[in-house]
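Below you'll find the structure, written out as C-alpha cells, and then a few comments.
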Amino acid sequence: MAVFGTDRRVLVLAFARMADEMGNSFLIIVLPLYIASGQIQLDALLGTQVPILSITVTESLLIGLALSMFGFLNSFSQPFTGRLTDRAGRRKVFILFGLAILGIGSGGYLFVSQYRWVLFFRLLQGIGAAFTIPATVALVNEFATSARTRGGNFGVYNTFRLIGFGFGPIVAGVVVEFWGFDAAFLVAVAGAFFSFLLVYLFVEDPEETQASAGSDLSIAVRGPPGYLLDPVFTLGLGTVAMGIAIALFAPLEGQINARLGQSSVLFGVQFGAVTIANILLQIPIGRASDGYGRRPFLVAGFLILVPSTLAQGYVLSPLMMTLARLAQGVAVAMVFAPSLALAGDLAREGASGTTLSVLTMAFGFGVAVGPLSAGFLERFGFHVPFLAGSVLAVLALLLVYTQVEETLTDTKSIFGS
C-alpha cells in the first residue's frame, strides 16, 4: 500500500532509520565534548609519538580517531554483511540484529572512563551499522515497483533518515548543556530501541527476496567496453570523496568555535545545515531523477561540492560558514538518491545488498577518513583539510563525468525540448 505516493514499508524503514540516526548522530557532537571534558583519561596518551608515522598524539587526533572508528569498521564490514543478506535471502533479521548492537554500544558509554573503552564501543556500533544499513537499502530498492519509482523511494528514505541525522546534533547541544552526557547517551539508546520496535512490528521480507537469493555476488571494478571503471564502483569512489568532504567539519569543533567566536549550539546548527538542505531536496531530486535521469544530478552535485567544501576553510563569520554548509548539503542531496537509484537500476536480481553496499560502504569509509584526516591536516593550517577535501571533490567530478552513463531511457530534458 502506498502512502503519499510511497510504499508504506519504505516509510516505516525511513522512520526507523530517522529515530536510529537521531540517537547515533548525537554522538558526533557529544563524543568530542565528552572526550575533551576531562571525564575520559587522556593524560597518558597526549604528547606521545606514533613511531611509524612520527605523529604527535593530540586531543584533536584522539577525537578524530574515536569518530572514525565507527565508519572504518562499518564501511569495511558492509560488503560482507551485504553478501550475507543476499545469500540468506532475508533482510529483517539483519536489521534487527544491527539495531540491537547499536543500542548496546550507545549504552556502553555510560560506564566508561578510559579512552580505549570509548574506541571499543565505537567499534561495536560500527558492527551494528554494518548489519543494518545494507539490508535496509536493499529492502528500499526491492520495494520499488519499477525503475521509475526507485529514485523517489530512496529520496523519501534518505529524507527521513537525514532528519534524524541532521537534527540530532542540534538537540544534542541542548541536551548536554542542560542535562549532561548521560542523558545524551540514553537518548541514543532510546533511538535504537524505537527503531527496533518499528521494524519488528511493521516490516516483513518480501517473498521475492528469499526466492531470488543471490549466487553471483561479485563486485565489478573494470568497466564495460570503452570505460575504465564499472559505474557503481566509480560512484563508490565519488561517494568516498563526498563523505570525506562533509566529515572534515566535526573534529574541528573547538577550532571552528574559537575562529568564528561562536557557541557549541551554533556549531550544531552548522553541522546540521548539510542535512537540512538534504531534507528539503532529497524527495524532489529523487523523484526528478526518475524522470530526468540520474546523471545530470550526479554531475551537478559533485560540481557544487568543490567550492562549498573549499569555502569552509576560509570563511570568517558564523553566517558564511552556515551558508557554505548549506551549499554542501545541496551537493550531497544531488548525489545521494540518484546514485543509489542508479546502483539499484544496475543491480542483478538477488544482489541488491551486495551492489548497494558499495555505495553505503563508500560513504561510511569517507565519513571515517574525514575526521581522522582533519585531525591530522589541521596542524598544517586550518584551511588545509578543506583544501584537500575540495581536491578530492574535483577528482570525483572527473571520474563520474567520464565513467558513469545514464541508466534510464526516454528521460525528459532539464532544459526543455
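Simple scheme: letters A, B, ... for chains in C-alpha cells order, numbers from 1 for residues in each chain, numbers from 1 for ligands in the order shown.
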Q) Do you know which residues are at most 6 Å from Asp20 in chain A counting only C-alpha atoms, after dropping those on the same chain fewer than 2 positions away, and could you put them as a ChimeraX atom specification? A) /A:17-18,22-23,191-192,195
Could those residues be written to a file, using all heavy atoms, as a PDB file, in the first residue's frame?
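Result file is again_35.pdb:
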```pdb
ATOM      1  N   ARG A  17      14.923   4.431  10.587  1.00  0.00           N
ATOM      2  CA  ARG A  17      16.266   4.966  10.419  1.00  0.00           C
ATOM      3  C   ARG A  17      16.368   6.395  10.947  1.00  0.00           C
ATOM      4  O   ARG A  17      17.409   6.813  11.440  1.00  0.00           O
ATOM      5  CB  ARG A  17      16.668   4.915   8.947  1.00  0.00           C
ATOM      6  CG  ARG A  17      16.991   3.532   8.443  1.00  0.00           C
ATOM      7  CD  ARG A  17      18.249   2.973   9.051  1.00  0.00           C
ATOM      8  NE  ARG A  17      19.438   3.635   8.522  1.00  0.00           N
ATOM      9  CZ  ARG A  17      20.548   3.821   9.178  1.00  0.00           C
ATOM     10  NH1 ARG A  17      20.653   3.428  10.438  1.00  0.00           N
ATOM     11  NH2 ARG A  17      21.579   4.418   8.624  1.00  0.00           N
ATOM     12  N   MET A  18      15.258   7.163  10.869  1.00  0.00           N
ATOM     13  CA  MET A  18      15.257   8.516  11.416  1.00  0.00           C
ATOM     14  C   MET A  18      15.496   8.477  12.922  1.00  0.00           C
ATOM     15  O   MET A  18      16.341   9.227  13.454  1.00  0.00           O
ATOM     16  CB  MET A  18      13.934   9.220  11.125  1.00  0.00           C
ATOM     17  CG  MET A  18      13.846  10.629  11.706  1.00  0.00           C
ATOM     18  SD  MET A  18      12.261  11.446  11.358  1.00  0.00           S
ATOM     19  CE  MET A  18      11.181  10.503  12.444  1.00  0.00           C
ATOM     20  N   MET A  22      18.988   9.782  14.641  1.00  0.00           N
ATOM     21  CA  MET A  22      18.956  10.880  15.605  1.00  0.00           C
ATOM     22  C   MET A  22      19.755  10.505  16.847  1.00  0.00           C
ATOM     23  O   MET A  22      20.571  11.290  17.353  1.00  0.00           O
ATOM     24  CB  MET A  22      17.527  11.241  15.987  1.00  0.00           C
ATOM     25  CG  MET A  22      17.461  12.340  17.052  1.00  0.00           C
ATOM     26  SD  MET A  22      15.804  12.995  17.328  1.00  0.00           S
ATOM     27  CE  MET A  22      15.570  14.006  15.873  1.00  0.00           C
ATOM     28  N   GLY A  23      19.537   9.285  17.333  1.00  0.00           N
ATOM     29  CA  GLY A  23      20.292   8.843  18.503  1.00  0.00           C
ATOM     30  C   GLY A  23      21.772   8.713  18.221  1.00  0.00           C
ATOM     31  O   GLY A  23      22.615   9.138  19.012  1.00  0.00           O
ATOM     32  N   GLY A 191      16.711   5.802  20.779  1.00  0.00           N
ATOM     33  CA  GLY A 191      16.534   5.844  19.333  1.00  0.00           C
ATOM     34  C   GLY A 191      16.691   4.469  18.710  1.00  0.00           C
ATOM     35  O   GLY A 191      15.895   4.071  17.850  1.00  0.00           O
ATOM     36  N   ALA A 192      17.700   3.712  19.132  1.00  0.00           N
ATOM     37  CA  ALA A 192      17.913   2.368  18.603  1.00  0.00           C
ATOM     38  C   ALA A 192      16.763   1.441  18.995  1.00  0.00           C
ATOM     39  O   ALA A 192      16.297   0.621  18.187  1.00  0.00           O
ATOM     40  CB  ALA A 192      19.242   1.812  19.109  1.00  0.00           C
ATOM     41  N   SER A 195      13.608   2.220  16.907  1.00  0.00           N
ATOM     42  CA  SER A 195      13.787   1.713  15.547  1.00  0.00           C
ATOM     43  C   SER A 195      13.571   0.201  15.500  1.00  0.00           C
ATOM     44  O   SER A 195      12.941  -0.322  14.576  1.00  0.00           O
ATOM     45  CB  SER A 195      15.189   2.043  15.036  1.00  0.00           C
ATOM     46  OG  SER A 195      15.389   3.432  14.981  1.00  0.00           O
TER      47      SER A 195
END
```
(Q) Neighbouring residues of Ala324 in chain A were defined as those with any atom within 10 Å, considering only C-alpha atoms; residues of the same chain fewer than 6 positions away were excluded. Please report them as an NGL selection string. (A) :A and (270 or 273-274 or 305 or 307-313 or 315 or 318 or 330)
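Each of A:Leu162, A:Leu346, A:Ala66, A:Val232 was checked against Ala362 in chain A using only C-alpha atoms; the smallest atom-to-atom distance is that of A:Val232.
Across the model, the gap from CA of Leu323 in chain A to CA of Leu67 in chain A is 24.5 Å.
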Q.
Considering only C-alpha atoms, can you say which of A:Ala241, A:Phe15, A:Gly272, A:Leu252 comes closest to Phe376 in chain A?
A.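 Among A:Ala241, A:Phe15, A:Gly272, A:Leu252, it is A:Leu252 that comes nearest to Phe376 in chain A.
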Q. Any idea what's packed within 8 Å of range 131-147 of chain A, counting only C-alpha atoms, ignoring anything in its chain fewer than 2 positions away? Could you give it as a ChimeraX atom specification?
A. /A:7,9-10,13,78,81-82,85,91-92,94-99,127-129,149-151,153-154,157,205,209,290,341,344-345,352-354,356-357,360,408
Q. Of the residues A:Met69, A:Ile163, A:Val265, A:Val174, which is the one nearest to Glu253 in chain A, using only C-alpha atoms?
A. A:Val265
Q. Hey, can you check how far CA of Gly71 in chain A sits from CA of Met361 in chain A?
A.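 A separation of 8.6 Å between them.
In this structure, CA of Gly243 in chain A sits 22.1 Å away from CA of Leu33 in chain A.
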Q: May I ask which of the residues A:Ile55, A:Val335, A:Phe382, A:Ser106 is the closest one to Thr239 in chain A, counting only C-alpha atoms?
A: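 Among A:Ile55, A:Val335, A:Phe382, A:Ser106, it is A:Val335 that comes nearest to Thr239 in chain A.
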